[in-house]
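Below is query_16.cif, holding mmCIF, C-alpha atoms (C1' of nucleotides).
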```
data_final
#
loop_
_atom_site.group_PDB
_atom_site.id
_atom_site.type_symbol
_atom_site.label_atom_id
_atom_site.label_comp_id
_atom_site.auth_asym_id
_atom_site.auth_seq_id
_atom_site.Cartn_x
_atom_site.Cartn_y
_atom_site.Cartn_z
ATOM 1 C CA MET A 431 -10.335 -1.182 20.581
ATOM 2 C CA ASN A 432 -7.805 -2.180 23.200
ATOM 3 C CA ALA A 433 -9.033 -5.742 22.995
ATOM 4 C CA PRO A 434 -7.299 -7.518 25.884
ATOM 5 C CA THR A 435 -6.618 -10.650 23.867
ATOM 6 C CA LYS A 436 -2.853 -10.416 23.746
ATOM 7 C CA ARG A 437 -0.261 -11.493 26.242
ATOM 8 C CA ASN A 438 2.309 -9.103 27.595
ATOM 9 C CA THR A 439 5.608 -10.090 26.165
ATOM 10 C CA ARG A 440 8.929 -8.356 26.397
ATOM 11 C CA GLN A 441 8.847 -7.751 22.647
ATOM 12 C CA ARG A 442 5.392 -6.264 22.535
ATOM 13 C CA THR A 443 6.193 -4.013 25.473
ATOM 14 C CA SER A 444 9.407 -2.791 23.845
ATOM 15 C CA ILE A 445 7.588 -2.015 20.647
ATOM 16 C CA ILE A 446 4.862 -0.029 22.377
ATOM 17 C CA ASP A 447 7.393 1.781 24.535
ATOM 18 C CA PHE A 448 9.385 2.670 21.483
ATOM 19 C CA LEU A 449 6.320 3.954 19.673
ATOM 20 C CA LYS A 450 5.475 6.161 22.654
ATOM 21 C CA THR A 451 8.742 8.023 22.156
ATOM 22 C CA ARG A 452 7.957 8.617 18.491
ATOM 23 C CA LYS A 453 5.668 11.304 17.198
ATOM 24 C CA GLU A 454 6.235 10.730 13.506
ATOM 25 C CA PHE A 455 5.075 7.825 11.386
ATOM 26 C CA ILE A 456 7.556 4.973 11.107
ATOM 27 C CA SER A 457 7.756 1.894 8.908
ATOM 28 C CA ALA A 458 8.140 -1.656 10.187
ATOM 29 C CA LYS A 459 11.646 -1.932 8.777
ATOM 30 C CA GLU A 460 12.724 1.361 10.306
ATOM 31 C CA LEU A 461 11.316 0.273 13.638
ATOM 32 C CA TYR A 462 13.264 -2.952 13.279
ATOM 33 C CA SER A 463 16.582 -1.216 12.750
ATOM 34 C CA GLU A 464 16.004 1.474 15.345
ATOM 35 C CA MET A 465 15.152 -1.207 17.897
ATOM 36 C CA GLU A 466 18.108 -3.424 17.092
ATOM 37 C CA GLY A 467 19.274 -3.338 20.697
ATOM 38 C CA SER A 468 15.958 -4.764 21.886
ATOM 39 C CA LYS A 469 16.291 -8.018 19.962
ATOM 40 C CA VAL A 470 12.850 -8.173 18.443
ATOM 41 C CA GLY A 471 12.320 -10.184 15.272
ATOM 42 C CA LEU A 472 10.967 -8.584 12.144
ATOM 43 C CA SER A 473 8.005 -10.970 11.988
ATOM 44 C CA THR A 474 7.128 -10.072 15.546
ATOM 45 C CA ILE A 475 7.229 -6.413 14.694
ATOM 46 C CA TYR A 476 4.885 -6.922 11.770
ATOM 47 C CA ARG A 477 2.519 -8.951 13.934
ATOM 48 C CA ALA A 478 2.536 -6.509 16.808
ATOM 49 C CA LEU A 479 1.924 -3.547 14.519
ATOM 50 C CA SER A 480 -0.899 -5.352 12.816
ATOM 51 C CA ASP A 481 -2.508 -6.223 16.169
ATOM 52 C CA LEU A 482 -2.157 -2.672 17.389
ATOM 53 C CA VAL A 483 -3.830 -1.414 14.248
ATOM 54 C CA ASN A 484 -6.690 -3.867 14.716
ATOM 55 C CA ASP A 485 -7.121 -2.764 18.293
ATOM 56 C CA GLY A 486 -7.347 0.818 17.113
ATOM 57 C CA ASP A 487 -4.208 1.878 18.943
ATOM 58 C CA LEU A 488 -2.190 2.721 15.845
ATOM 59 C CA ASP A 489 -2.851 4.893 12.833
ATOM 60 C CA VAL A 490 -1.512 3.588 9.531
ATOM 61 C CA PHE A 491 -1.174 4.871 6.062
ATOM 62 C CA ILE A 492 0.540 3.462 3.031
ATOM 63 C CA ASP A 493 3.132 5.762 1.549
ATOM 64 C CA ASN A 494 3.817 6.312 -2.128
ATOM 65 C CA ASP A 495 6.288 3.448 -2.225
ATOM 66 C CA GLY A 496 3.622 1.099 -0.949
ATOM 67 C CA GLU A 497 5.224 0.881 2.484
ATOM 68 C CA SER A 498 3.014 1.056 5.565
ATOM 69 C CA ARG A 499 3.826 3.662 8.163
ATOM 70 C CA PHE A 500 2.573 3.630 11.738
ATOM 71 C CA ARG A 501 1.972 6.024 14.595
ATOM 72 C CA LEU A 502 0.237 5.735 17.967
ATOM 73 C CA CYS A 503 -3.296 7.113 17.836
ATOM 74 C CA GLY A 504 -4.026 10.333 19.595
ATOM 75 C CA SER A 505 -7.545 11.144 20.660
ATOM 76 C CA HIS A 506 -10.061 9.380 18.545
ATOM 77 C CA HIS A 507 -11.193 11.919 16.093
ATOM 78 C CA HIS A 508 -14.080 10.798 13.924
ATOM 79 C CA HIS A 509 -16.093 11.845 10.903
ATOM 80 C CA HIS A 510 -19.604 11.535 9.536
ATOM 81 C CA LEU A 511 -21.242 9.885 6.610
ATOM 82 C CA LEU A 512 -24.583 11.544 5.902
ATOM 83 C CA CYS A 513 -27.574 10.658 3.759
ATOM 84 C CA ARG A 514 -28.524 13.639 1.621
ATOM 85 C CA LYS A 515 -32.189 12.663 1.687
ATOM 86 C CA CYS A 516 -33.097 11.377 5.145
ATOM 87 C CA GLY A 517 -30.197 12.818 7.083
ATOM 88 C CA LYS A 518 -29.237 9.458 8.547
ATOM 89 C CA SER A 519 -25.696 9.694 9.864
ATOM 90 C CA VAL A 520 -22.994 7.124 10.437
ATOM 91 C CA GLU A 521 -19.823 7.827 12.390
ATOM 92 C CA PHE A 522 -16.544 6.519 11.106
ATOM 93 C CA GLN A 523 -12.831 6.850 11.677
ATOM 94 C CA ALA A 524 -10.372 7.397 8.901
ATOM 95 C CA PRO A 525 -6.738 7.034 9.817
ATOM 96 C CA GLU A 526 -5.946 7.788 6.174
ATOM 97 C CA ALA A 527 -7.465 11.205 6.663
ATOM 98 C CA GLU A 528 -5.452 11.834 9.825
ATOM 99 C CA ALA A 529 -2.296 10.865 8.021
ATOM 100 C CA LEU A 530 -3.227 12.811 4.904
ATOM 101 C CA ALA A 531 -3.818 15.955 6.928
ATOM 102 C CA GLU A 532 -0.433 15.613 8.601
ATOM 103 C CA ARG A 533 1.454 15.023 5.389
ATOM 104 C CA LEU A 534 -0.269 17.616 3.310
ATOM 105 C CA GLY A 535 -0.138 20.277 5.944
ATOM 106 C CA ALA A 536 3.517 19.562 6.663
ATOM 107 C CA SER A 537 4.389 19.650 2.972
ATOM 108 C CA GLU A 538 3.114 23.231 2.880
ATOM 109 C CA GLY A 539 4.938 24.204 6.052
ATOM 110 C CA PHE A 540 1.856 24.105 8.250
ATOM 111 C CA SER A 541 1.774 22.758 11.799
ATOM 112 C CA GLU A 542 -0.779 21.719 14.426
ATOM 113 C CA MET A 543 -3.149 20.241 11.896
ATOM 114 C CA GLU A 544 -6.838 19.639 12.450
ATOM 115 C CA HIS A 545 -9.211 18.511 9.765
ATOM 116 C CA ARG A 546 -12.839 17.999 8.903
ATOM 117 C CA LEU A 547 -14.100 15.361 6.567
ATOM 118 C CA GLU A 548 -17.689 14.724 5.666
ATOM 119 C CA ILE A 549 -19.028 12.248 3.180
ATOM 120 C CA ILE A 550 -22.474 12.796 1.743
ATOM 121 C CA GLY A 551 -24.338 10.131 -0.194
ATOM 122 C CA THR A 552 -27.721 8.538 -0.641
ATOM 123 C CA CYS A 553 -28.478 5.702 1.757
ATOM 124 C CA GLN A 554 -29.972 2.386 0.714
ATOM 125 C CA GLU A 555 -33.472 3.235 1.957
ATOM 126 C CA CYS A 556 -33.572 6.527 0.074
ATOM 127 C CA ILE A 557 -32.549 5.370 -3.390
ATOM 128 C CA MET B 172 -0.428 17.433 -17.519
ATOM 129 C CA ASN B 173 -0.956 15.797 -20.921
ATOM 130 C CA ALA B 174 2.707 16.005 -21.752
ATOM 131 C CA PRO B 175 2.865 15.083 -25.440
ATOM 132 C CA THR B 176 6.031 13.049 -25.061
ATOM 133 C CA LYS B 177 4.614 9.634 -25.886
ATOM 134 C CA ARG B 178 3.964 7.897 -29.158
ATOM 135 C CA ASN B 179 0.520 6.655 -30.037
ATOM 136 C CA THR B 180 0.645 2.919 -29.934
ATOM 137 C CA ARG B 181 -2.156 0.429 -30.262
ATOM 138 C CA GLN B 182 -1.564 -0.667 -26.657
ATOM 139 C CA ARG B 183 -1.668 2.792 -25.140
ATOM 140 C CA THR B 184 -4.824 3.611 -27.065
ATOM 141 C CA SER B 185 -6.548 0.413 -25.949
ATOM 142 C CA ILE B 186 -5.711 1.102 -22.335
ATOM 143 C CA ILE B 187 -7.058 4.629 -22.423
ATOM 144 C CA ASP B 188 -10.180 3.516 -24.274
ATOM 145 C CA PHE B 189 -10.765 0.832 -21.730
ATOM 146 C CA LEU B 190 -10.343 3.260 -18.859
ATOM 147 C CA LYS B 191 -12.890 5.581 -20.433
ATOM 148 C CA THR B 192 -15.536 2.883 -20.093
ATOM 149 C CA ARG B 193 -14.736 2.421 -16.429
ATOM 150 C CA LYS B 194 -16.026 4.602 -13.654
ATOM 151 C CA GLU B 195 -14.621 2.644 -10.727
ATOM 152 C CA PHE B 196 -11.007 2.299 -9.657
ATOM 153 C CA ILE B 197 -9.197 -0.671 -11.132
ATOM 154 C CA SER B 198 -5.858 -2.314 -10.413
ATOM 155 C CA ALA B 199 -3.168 -3.018 -13.004
ATOM 156 C CA LYS B 200 -3.709 -6.755 -12.750
ATOM 157 C CA GLU B 201 -7.471 -6.451 -13.108
ATOM 158 C CA LEU B 202 -6.978 -4.237 -16.127
ATOM 159 C CA TYR B 203 -4.639 -6.849 -17.545
ATOM 160 C CA SER B 204 -7.152 -9.659 -17.238
ATOM 161 C CA GLU B 205 -10.126 -7.613 -18.371
ATOM 162 C CA MET B 206 -8.184 -6.556 -21.457
ATOM 163 C CA GLU B 207 -6.966 -10.025 -22.348
ATOM 164 C CA GLY B 208 -8.498 -9.788 -25.813
ATOM 165 C CA SER B 209 -6.444 -6.695 -26.589
ATOM 166 C CA LYS B 210 -3.088 -8.433 -26.205
ATOM 167 C CA VAL B 211 -1.334 -5.889 -24.068
ATOM 168 C CA GLY B 212 1.562 -6.991 -21.879
ATOM 169 C CA LEU B 213 1.507 -6.449 -18.145
ATOM 170 C CA SER B 214 4.694 -4.374 -18.202
ATOM 171 C CA THR B 215 3.147 -2.140 -20.803
ATOM 172 C CA ILE B 216 0.083 -1.672 -18.640
ATOM 173 C CA TYR B 217 2.205 -0.698 -15.657
ATOM 174 C CA ARG B 218 4.198 1.697 -17.804
ATOM 175 C CA ALA B 219 1.135 3.289 -19.368
ATOM 176 C CA LEU B 220 -0.611 3.711 -16.029
ATOM 177 C CA SER B 221 2.462 5.259 -14.525
ATOM 178 C CA ASP B 222 2.773 7.704 -17.433
ATOM 179 C CA LEU B 223 -0.893 8.635 -17.198
ATOM 180 C CA VAL B 224 -0.512 9.309 -13.504
ATOM 181 C CA ASN B 225 2.501 11.515 -14.167
ATOM 182 C CA ASP B 226 0.580 13.414 -16.809
ATOM 183 C CA GLY B 227 -2.186 13.998 -14.300
ATOM 184 C CA ASP B 228 -4.761 12.049 -16.274
ATOM 185 C CA LEU B 229 -5.269 9.312 -13.706
ATOM 186 C CA ASP B 230 -6.121 9.325 -10.016
ATOM 187 C CA VAL B 231 -4.429 6.669 -7.933
ATOM 188 C CA PHE B 232 -4.702 5.427 -4.427
ATOM 189 C CA ILE B 233 -3.136 2.467 -2.681
ATOM 190 C CA ASP B 234 -5.655 0.096 -1.176
ATOM 191 C CA ASN B 235 -5.345 -1.765 2.101
ATOM 192 C CA ASP B 236 -3.553 -4.657 0.465
ATOM 193 C CA GLY B 237 -0.912 -2.290 -0.867
ATOM 194 C CA GLU B 238 -2.220 -2.550 -4.415
ATOM 195 C CA SER B 239 -2.533 0.605 -6.512
ATOM 196 C CA ARG B 240 -5.895 1.366 -8.036
ATOM 197 C CA PHE B 241 -6.469 3.757 -10.927
ATOM 198 C CA ARG B 242 -9.278 5.823 -12.403
ATOM 199 C CA LEU B 243 -9.408 8.512 -15.063
ATOM 200 C CA CYS B 244 -9.582 11.940 -13.494
ATOM 201 C CA GLY B 245 -12.960 13.497 -13.653
ATOM 202 C CA SER B 246 -13.529 17.101 -12.897
ATOM 203 C CA HIS B 247 -10.808 18.190 -10.624
ATOM 204 C CA HIS B 248 -12.405 18.280 -7.279
ATOM 205 C CA HIS B 249 -10.169 19.954 -4.766
ATOM 206 C CA HIS B 250 -9.880 20.786 -1.106
ATOM 207 C CA HIS B 251 -8.411 23.517 1.038
ATOM 208 C CA LEU B 252 -5.660 23.819 3.551
ATOM 209 C CA LEU B 253 -6.264 26.871 5.734
ATOM 210 C CA CYS B 254 -4.162 28.780 8.228
ATOM 211 C CA ARG B 255 -6.126 29.270 11.438
ATOM 212 C CA LYS B 256 -4.403 32.582 12.126
ATOM 213 C CA CYS B 257 -3.998 34.485 8.867
ATOM 214 C CA GLY B 258 -6.551 32.616 6.774
ATOM 215 C CA LYS B 259 -4.044 31.875 4.019
ATOM 216 C CA SER B 260 -5.435 29.090 1.897
ATOM 217 C CA VAL B 261 -3.799 26.468 -0.297
ATOM 218 C CA GLU B 262 -5.703 24.303 -2.730
ATOM 219 C CA PHE B 263 -4.876 20.645 -2.997
ATOM 220 C CA GLN B 264 -6.173 17.460 -4.513
ATOM 221 C CA ALA B 265 -6.451 14.229 -2.616
ATOM 222 C CA PRO B 266 -7.264 11.153 -4.633
ATOM 223 C CA GLU B 267 -7.078 9.224 -1.379
ATOM 224 C CA ALA B 268 -10.024 11.219 -0.124
ATOM 225 C CA GLU B 269 -12.021 10.561 -3.282
ATOM 226 C CA ALA B 270 -11.338 6.870 -2.967
ATOM 227 C CA LEU B 271 -12.000 6.857 0.758
ATOM 228 C CA ALA B 272 -15.378 8.476 0.264
ATOM 229 C CA GLU B 273 -16.301 5.873 -2.331
ATOM 230 C CA ARG B 274 -15.233 2.924 -0.253
ATOM 231 C CA LEU B 275 -16.628 4.083 3.032
ATOM 232 C CA GLY B 276 -19.922 5.163 1.615
ATOM 233 C CA ALA B 277 -20.282 1.949 -0.336
ATOM 234 C CA SER B 278 -19.455 -0.148 2.713
ATOM 235 C CA GLU B 279 -22.463 1.407 4.437
ATOM 236 C CA GLY B 280 -24.703 0.923 1.430
ATOM 237 C CA PHE B 281 -24.586 4.543 0.327
ATOM 238 C CA SER B 282 -24.368 5.690 -3.286
ATOM 239 C CA GLU B 283 -23.587 8.863 -5.260
ATOM 240 C CA MET B 284 -20.944 10.040 -2.837
ATOM 241 C CA GLU B 285 -19.725 13.591 -2.462
ATOM 242 C CA HIS B 286 -17.336 14.748 0.203
ATOM 243 C CA ARG B 287 -15.782 17.750 1.843
ATOM 244 C CA LEU B 288 -12.363 17.804 3.359
ATOM 245 C CA GLU B 289 -10.707 20.737 5.005
ATOM 246 C CA ILE B 290 -7.376 20.835 6.745
ATOM 247 C CA ILE B 291 -6.708 23.581 9.224
ATOM 248 C CA GLY B 292 -3.262 24.340 10.587
ATOM 249 C CA THR B 293 -0.883 27.148 11.427
ATOM 250 C CA CYS B 294 1.216 28.362 8.553
ATOM 251 C CA GLN B 295 4.948 28.994 8.763
ATOM 252 C CA GLU B 296 4.577 32.784 8.980
ATOM 253 C CA CYS B 297 2.081 32.571 11.845
ATOM 254 C CA ILE B 298 3.921 30.275 14.241
ATOM 255 C "C1'" DA C 594 7.500 -22.216 42.924
ATOM 256 C "C1'" DT C 595 6.048 -25.694 39.383
ATOM 257 C "C1'" DT C 596 3.326 -27.279 35.824
ATOM 258 C "C1'" DG C 597 0.707 -27.420 31.600
ATOM 259 C "C1'" DA C 598 -1.988 -25.478 28.029
ATOM 260 C "C1'" DT C 599 -1.458 -22.471 24.658
ATOM 261 C "C1'" DA C 600 -0.041 -18.063 22.655
ATOM 262 C "C1'" DA C 601 4.030 -15.676 20.942
ATOM 263 C "C1'" DT C 602 8.476 -15.669 18.823
ATOM 264 C "C1'" DG C 603 11.914 -15.610 15.030
ATOM 265 C "C1'" DG C 604 14.311 -16.843 10.965
ATOM 266 C "C1'" DG C 605 13.917 -18.344 6.629
ATOM 267 C "C1'" DA C 606 10.955 -19.478 2.815
ATOM 268 C "C1'" DA C 607 7.001 -18.055 0.147
ATOM 269 C "C1'" DT C 608 3.996 -14.546 -1.907
ATOM 270 C "C1'" DC C 609 2.760 -11.040 -4.823
ATOM 271 C "C1'" DA C 610 2.663 -6.354 -6.768
ATOM 272 C "C1'" DT C 611 5.750 -3.770 -9.127
ATOM 273 C "C1'" DT C 612 10.071 -2.573 -11.662
ATOM 274 C "C1'" DG C 613 14.153 -3.656 -14.493
ATOM 275 C "C1'" DT C 614 16.343 -5.910 -18.613
ATOM 276 C "C1'" DC C 615 16.977 -6.362 -23.306
ATOM 277 C "C1'" DA C 616 16.147 -8.275 -27.840
ATOM 278 C "C1'" DA C 617 12.426 -7.775 -31.082
ATOM 279 C "C1'" DT C 618 9.011 -4.708 -32.988
ATOM 280 C "C1'" DA C 619 6.502 -0.711 -34.542
ATOM 281 C "C1'" DA C 620 5.861 4.749 -34.909
ATOM 282 C "C1'" DG C 621 6.750 8.562 -37.188
ATOM 283 C "C1'" DC C 622 9.802 11.162 -40.207
ATOM 284 C "C1'" DC C 623 12.687 11.486 -44.618
ATOM 285 C "C1'" DG D 332 10.285 2.100 -48.815
ATOM 286 C "C1'" DG D 333 14.013 2.791 -45.421
ATOM 287 C "C1'" DC D 334 15.824 4.648 -41.001
ATOM 288 C "C1'" DT D 335 16.007 6.122 -36.258
ATOM 289 C "C1'" DT D 336 14.481 5.439 -32.000
ATOM 290 C "C1'" DA D 337 10.752 4.805 -28.611
ATOM 291 C "C1'" DT D 338 7.909 1.063 -27.199
ATOM 292 C "C1'" DT D 339 6.769 -3.518 -26.321
ATOM 293 C "C1'" DG D 340 6.645 -7.944 -23.796
ATOM 294 C "C1'" DA D 341 8.480 -12.155 -21.737
ATOM 295 C "C1'" DC D 342 10.996 -13.025 -17.999
ATOM 296 C "C1'" DA D 343 13.997 -12.048 -14.106
ATOM 297 C "C1'" DA D 344 14.723 -9.324 -10.092
ATOM 298 C "C1'" DT D 345 13.219 -6.635 -6.221
ATOM 299 C "C1'" DG D 346 11.249 -5.663 -1.868
ATOM 300 C "C1'" DA D 347 7.605 -5.336 1.565
ATOM 301 C "C1'" DT D 348 4.837 -8.369 3.895
ATOM 302 C "C1'" DT D 349 3.029 -12.891 5.288
ATOM 303 C "C1'" DC D 350 3.445 -17.775 6.115
ATOM 304 C "C1'" DC D 351 5.419 -21.773 8.422
ATOM 305 C "C1'" DC D 352 6.730 -24.242 12.244
ATOM 306 C "C1'" DA D 353 9.941 -25.725 15.744
ATOM 307 C "C1'" DT D 354 11.175 -23.486 19.931
ATOM 308 C "C1'" DT D 355 10.173 -20.508 23.824
ATOM 309 C "C1'" DA D 356 7.571 -17.640 27.053
ATOM 310 C "C1'" DT D 357 3.315 -16.332 29.518
ATOM 311 C "C1'" DC D 358 0.033 -17.024 33.029
ATOM 312 C "C1'" DA D 359 -3.678 -19.323 35.547
ATOM 313 C "C1'" DA D 360 -4.220 -23.164 38.292
ATOM 314 C "C1'" DT D 361 -2.089 -26.117 41.378
#
```

Kindly present the structure from the file in structure tokens form.
Amino acid sequence: MNAPTKRNTRQRTSIIDFLKTRKEFISAKELYSEMEGSKVGLSTIYRALSDLVNDGDLDVFIDNDGESRFRLCGSHHHHHLLCRKCGKSVEFQAPEAEALAERLGASEGFSEMEHRLEIIGTCQECI
Amino acid sequence: MNAPTKRNTRQRTSIIDFLKTRKEFISAKELYSEMEGSKVGLSTIYRALSDLVNDGDLDVFIDNDGESRFRLCGSHHHHHLLCRKCGKSVEFQAPEAEALAERLGASEGFSEMEHRLEIIGTCQECI
DNA sequence: ATTGATAATGGGAATCATTGTCAATAAGCC
DNA sequence: GGCTTATTGACAATGATTCCCATTATCAAT
């Protein structure tokens, strides 16, 4: 993450600065209209968001209308995939799970969500 | 679920029968091409899938390309949302989690996935 | 500070899953 | 069989996202 492959442009900076002021998930289009003053093109917003996701700086999830929604990552929470036979374990991140926890908890009136996710399966060597 | 509001048509029956033979998630388009012999229109497939989802007979999740993928519900695996103060617990289902477990496990060469997901938060009464 | 190589921008067109439209058809009831 | 009405399906429309490409901006080297 934080691959230093991108140049610092006014647009990219504005987008990141805007995201820093935002705790909730936001869609590309919403970002576009809320940033109207900053004169950033919609294509640029899509590109920047996509880069930020690839660098691991943004969490994404796709809402029920098929629209992607973004939020700056907090600490990098991770989960485990475990083999039920040999115990081999693989770490992974799951922004979907972060987002799911937020949405589900919020929909029930909960706040300050944490979550635990564990996937158990049989690894290739143990089949 | 299983709201008996729909007529039994050849098309609807074919779609359900096809889904019964399928363990993995499938998209509407894939279903359409795999069922070519059955002469069912794409609109009809979308409508039927949407009805089945509303009746609670199908699990859905939206993949990374924004395409919806469907699978007949199996046993209704569920998860818990817990309050960290009073212990109040709410059951919920999360097809996304089912799908996530499948995908992630498979991507690491694992099979026969199970998973556990727990969300912990503070409920409205305990704030 | 200027230059030059190259990455980033933006606006419109293109893509592609999904939904809407509506005339034709088929289910289910008498 | 005949009737009422939901369902179907071909096609158009929608809408988020990506592609295209001429123009512009960044930044390291001069």

Near-Phe189 (chain B) list (9 Å; only C-alpha atoms (C1' of nucleotides); drop same-chain fewer than 5 positions) as an mmCIF file with C-alpha atoms, keeping the file's coordinate frame:
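Output file out32.cif follows:
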```cif
data_model
loop_
_atom_site.group_PDB
_atom_site.id
_atom_site.type_symbol
_atom_site.label_atom_id
_atom_site.label_comp_id
_atom_site.auth_asym_id
_atom_site.auth_seq_id
_atom_site.Cartn_x
_atom_site.Cartn_y
_atom_site.Cartn_z
ATOM 1 C CA THR B 184 -4.824 3.611 -27.065
ATOM 2 C CA LEU B 202 -6.978 -4.237 -16.127
ATOM 3 C CA MET B 206 -8.184 -6.556 -21.457
#
```

(request) Quick one: pull the distance between CA of Leu534 (chain A) and CA of Asp226 (chain B), Å, one decimal. (result) 20.6 Å

(request) Give me the RMSD in Å over all C-alpha atoms, paired in order, after least-squares superposition of chain B onto chain A. (result) 0.9 Å

For chain A versus chain D, which residues have an atom no more than 9 Å away, and what is each residue's nearest atom pair and distance in Å rounded to one decimal, using only C-alpha atoms (C1' of nucleotides), chain-then-number order, as a Markdown table?
```
| residue | atom | partner | partner_atom | distance |
| --- | --- | --- | --- | --- |
| A:Arg437 | CA | D:DT357 | C1' | 6.9 |
| A:Asn438 | CA | D:DT357 | C1' | 7.5 |
| A:Thr439 | CA | D:DT357 | C1' | 7.4 |
| A:Lys459 | CA | D:DA347 | C1' | 8.9 |
| A:Ser473 | CA | D:DT349 | C1' | 8.6 |
| A:Tyr476 | CA | D:DT348 | C1' | 8.0 |
| A:Gly496 | CA | D:DA347 | C1' | 8.0 |
| A:Glu497 | CA | D:DA347 | C1' | 6.7 |
| A:Ser498 | CA | D:DA347 | C1' | 8.8 |
```

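Going from C1' of DG621 (chain C) to CA of Leu223 (chain B) covers 21.4 Å.
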
(request) Enumerate, as a PyMOL selection string, the residues matched when the PyMOL selection byres ((chain C) within 9 of (chain A)) is run on the file above. (result) chain C and resi 600-604

Since the input lacks atoms, please generate N, CA and C atoms for region 175-190 of chain B and provide them as an mmCIF file, in the frame of the given file.
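Dumped everything to result02.cif:
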```cif
data_model
loop_
_atom_site.group_PDB
_atom_site.id
_atom_site.type_symbol
_atom_site.label_atom_id
_atom_site.label_comp_id
_atom_site.auth_asym_id
_atom_site.auth_seq_id
_atom_site.Cartn_x
_atom_site.Cartn_y
_atom_site.Cartn_z
ATOM 1 N N PRO B 175 2.982 15.775 -24.159
ATOM 2 C CA PRO B 175 2.865 15.083 -25.440
ATOM 3 C C PRO B 175 4.147 14.362 -25.801
ATOM 4 N N THR B 176 4.727 13.650 -24.857
ATOM 5 C CA THR B 176 6.031 13.049 -25.061
ATOM 6 C C THR B 176 5.944 11.616 -25.570
ATOM 7 N N LYS B 177 4.725 11.056 -25.592
ATOM 8 C CA LYS B 177 4.614 9.634 -25.886
ATOM 9 C C LYS B 177 4.050 9.372 -27.275
ATOM 10 N N ARG B 178 4.495 8.291 -27.859
ATOM 11 C CA ARG B 178 3.964 7.897 -29.158
ATOM 12 C C ARG B 178 2.599 7.260 -28.995
ATOM 13 N N ASN B 179 1.827 7.307 -30.067
ATOM 14 C CA ASN B 179 0.520 6.655 -30.037
ATOM 15 C C ASN B 179 0.639 5.227 -30.498
ATOM 16 N N THR B 180 0.561 4.324 -29.572
ATOM 17 C CA THR B 180 0.645 2.919 -29.934
ATOM 18 C C THR B 180 -0.717 2.286 -29.727
ATOM 19 N N ARG B 181 -0.907 1.179 -30.397
ATOM 20 C CA ARG B 181 -2.156 0.429 -30.262
ATOM 21 C C ARG B 181 -2.430 0.149 -28.786
ATOM 22 N N GLN B 182 -1.394 -0.269 -28.045
ATOM 23 C CA GLN B 182 -1.564 -0.667 -26.657
ATOM 24 C C GLN B 182 -2.036 0.485 -25.781
ATOM 25 N N ARG B 183 -1.333 1.620 -25.940
ATOM 26 C CA ARG B 183 -1.668 2.792 -25.140
ATOM 27 C C ARG B 183 -3.109 3.241 -25.418
ATOM 28 N N THR B 184 -3.472 3.218 -26.676
ATOM 29 C CA THR B 184 -4.824 3.611 -27.065
ATOM 30 C C THR B 184 -5.863 2.678 -26.444
ATOM 31 N N SER B 185 -5.593 1.373 -26.526
ATOM 32 C CA SER B 185 -6.548 0.413 -25.949
ATOM 33 C C SER B 185 -6.738 0.661 -24.463
ATOM 34 N N ILE B 186 -5.636 0.925 -23.786
ATOM 35 C CA ILE B 186 -5.711 1.102 -22.335
ATOM 36 C C ILE B 186 -6.557 2.318 -21.999
ATOM 37 N N ILE B 187 -6.299 3.419 -22.699
ATOM 38 C CA ILE B 187 -7.058 4.629 -22.423
ATOM 39 C C ILE B 187 -8.533 4.420 -22.761
ATOM 40 N N ASP B 188 -8.787 3.782 -23.903
ATOM 41 C CA ASP B 188 -10.180 3.516 -24.274
ATOM 42 C C ASP B 188 -10.881 2.675 -23.227
ATOM 43 N N PHE B 189 -10.155 1.676 -22.753
ATOM 44 C CA PHE B 189 -10.765 0.832 -21.730
ATOM 45 C C PHE B 189 -11.089 1.641 -20.483
ATOM 46 N N LEU B 190 -10.135 2.465 -20.070
ATOM 47 C CA LEU B 190 -10.343 3.260 -18.859
ATOM 48 C C LEU B 190 -11.536 4.196 -18.998
#
```
